[in-house]
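Chemist: My questions all concern the structure below.
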Amino acid sequence: VQLQASGGGLVQAGGSLRLSCAASGLTFSTYAVGWFRQAPGKEREFVAAIKWSSDSTYYADSVKGRFTISRDNAKNTVYLQMNSLKPEDTAVYYCAAGRYLSGSYALRAGTTYDYWGQGTLVTVSS
């Protein structure tokens, strides 16, 4: 199983980026996918998640209204569209997959996921 996160980079405050998480080696449509981030010197935190059935999405309060998570099961890929970026969004972003995960608690908790990607760095300059 492999999760490949990509799309990070350097962007000015107010700008946008779209992260992708491409999965292989698993039955993608049965896995919920979450995005987490870790800033220097801080603990990893939940950002957004989408249920395996695509009928539910979850967001951290800090990104609600600015970030949108979506998935394309035909491409085995989950996307995180990030708009109105702020310097405090600077972090390494990781995607994770968990089979049949559902419910707010399970999708927000990093310990419930089965597989993790390698991370992609997002830097937002002020």
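Residues in the structure tokens are numbered from 1 in each chain, the chains being A, B, ... in the order shown, and ligands are numbered from 1 in the order shown.
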With a distance cut-off of 8 Å and only C-alpha atoms, select the neighbouring residues of segment 39-50 of chain A, excluding the residue or stretch itself and same-chain residues fewer than 2 positions from it, and output the selection as a ChimeraX atom specification.
Modeler: /A:32-37,52,54-60,63,68-71,90-92,107-110
Chemist: For Gly9 of chain A, find every residue with an atom within 7 Å (counting only C-alpha atoms), except residues of its own chain fewer than 2 positions away, and show them as a ChimeraX atom specification.
Modeler: /A:7,11,121-123
Chemist: From the list A:Asn83, A:Thr112, A:Thr27, A:Ser104, which residue is nearest Gln12 of chain A when using only C-alpha atoms?
Modeler: A:Asn83
Chemist: Distance atom CA of Val1 of chain A-atom CA of Phe67 of chain A, one decimal place?
Modeler: 26.5 Å
Chemist: Identify which of the residues A:Ser29, A:Thr120, A:Ser6, A:Ser24 lies closest to Ala74 of chain A, counting only C-alpha atoms when measuring atom-to-atom distances.
Modeler: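 When distances to Ala74 of chain A are compared using only C-alpha atoms, the smallest one comes from A:Ser29.
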Chemist: Write out as a list of chain:residue names which residues come within 10 Å of Lys75 of chain A when counting only C-alpha atoms, dropping same-chain ones fewer than 6 positions away.
Modeler: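 Near neighbours after the sequence-gap exclusion: A:Ala22, A:Ala23, A:Ser24, A:Phe28.
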Chemist: Restrict the selected residues to C-alpha atoms and save them as a compact mmCIF listing (two decimals), in the first residue's frame.
Modeler:
# COMPACT_ATOMS: atom_id res chain seq x y z
CA ALA A 22 -2.84 9.22 -4.72
CA ALA A 23 -3.36 5.71 -3.36
CA SER A 24 -2.25 2.35 -4.69
CA PHE A 28 -9.61 2.76 -2.44
Chemist: Tell me, in Å to one decimal, how far atom CA of Ser20 of chain A is from atom CA of Leu80 of chain A.
Modeler: 6.5 Å
Chemist: Within chain A, find each residue whose DSSP state, derived from the backbone, is strand (DSSP E or B), and express the selection as a count of residues only.
Modeler: 63
Chemist: List the neighbours of Cys21 of chain A out to 7 Å using only C-alpha atoms; skip same-chain residues closer than 3 positions along the sequence, and give me the result as a PyMOL selection string.
Modeler: chain A and resi 3-6+77-79+95
Chemist: Choose the residue, out of A:Ala106, A:Leu101, A:Asp114, A:Ser84, that has the smallest atom-to-atom separation from Ser62 of chain A; count only C-alpha atoms.
Modeler: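 Ranked by minimum distance to Ser62 of chain A, first place goes to A:Ser84.
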Chemist: Taking only chain A into account, list the residues labelled alpha helix (DSSP H) by DSSP (computed from the backbone), as a ChimeraX atom specification.
Modeler: /A:104-108
Chemist: For the residues selected in the previous step, produce a file with N, CA and C atoms as a JSON list (two decimals), in the first residue's frame.
Modeler:
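Resulting contents of again.json:
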[["chain", "number", "residue", "atom", "x", "y", "z"],
["A", 104, "SER", "N", -17.35, 11.16, 13.28],
["A", 104, "SER", "CA", -16.47, 12.30, 13.49],
["A", 104, "SER", "C", -15.24, 11.93, 14.32],
["A", 105, "TYR", "N", -15.43, 11.20, 15.41],
["A", 105, "TYR", "CA", -14.30, 10.89, 16.27],
["A", 105, "TYR", "C", -13.24, 10.09, 15.53],
["A", 106, "ALA", "N", -13.66, 9.02, 14.86],
["A", 106, "ALA", "CA", -12.72, 8.13, 14.18],
["A", 106, "ALA", "C", -11.97, 8.86, 13.06],
["A", 107, "LEU", "N", -12.67, 9.72, 12.36],
["A", 107, "LEU", "CA", -12.04, 10.40, 11.23],
["A", 107, "LEU", "C", -11.12, 11.53, 11.67],
["A", 108, "ARG", "N", -11.34, 12.08, 12.85],
["A", 108, "ARG", "CA", -10.49, 13.16, 13.35],
["A", 108, "ARG", "C", -9.28, 12.66, 14.13]]
Chemist: With only C-alpha atoms as the atoms that count, which of A:Asn73, A:Thr111, A:Lys64, A:Ser126 lies nearest to Gly15 of chain A?
Modeler: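 Among A:Asn73, A:Thr111, A:Lys64, A:Ser126, it is A:Ser126 that comes nearest to Gly15 of chain A.
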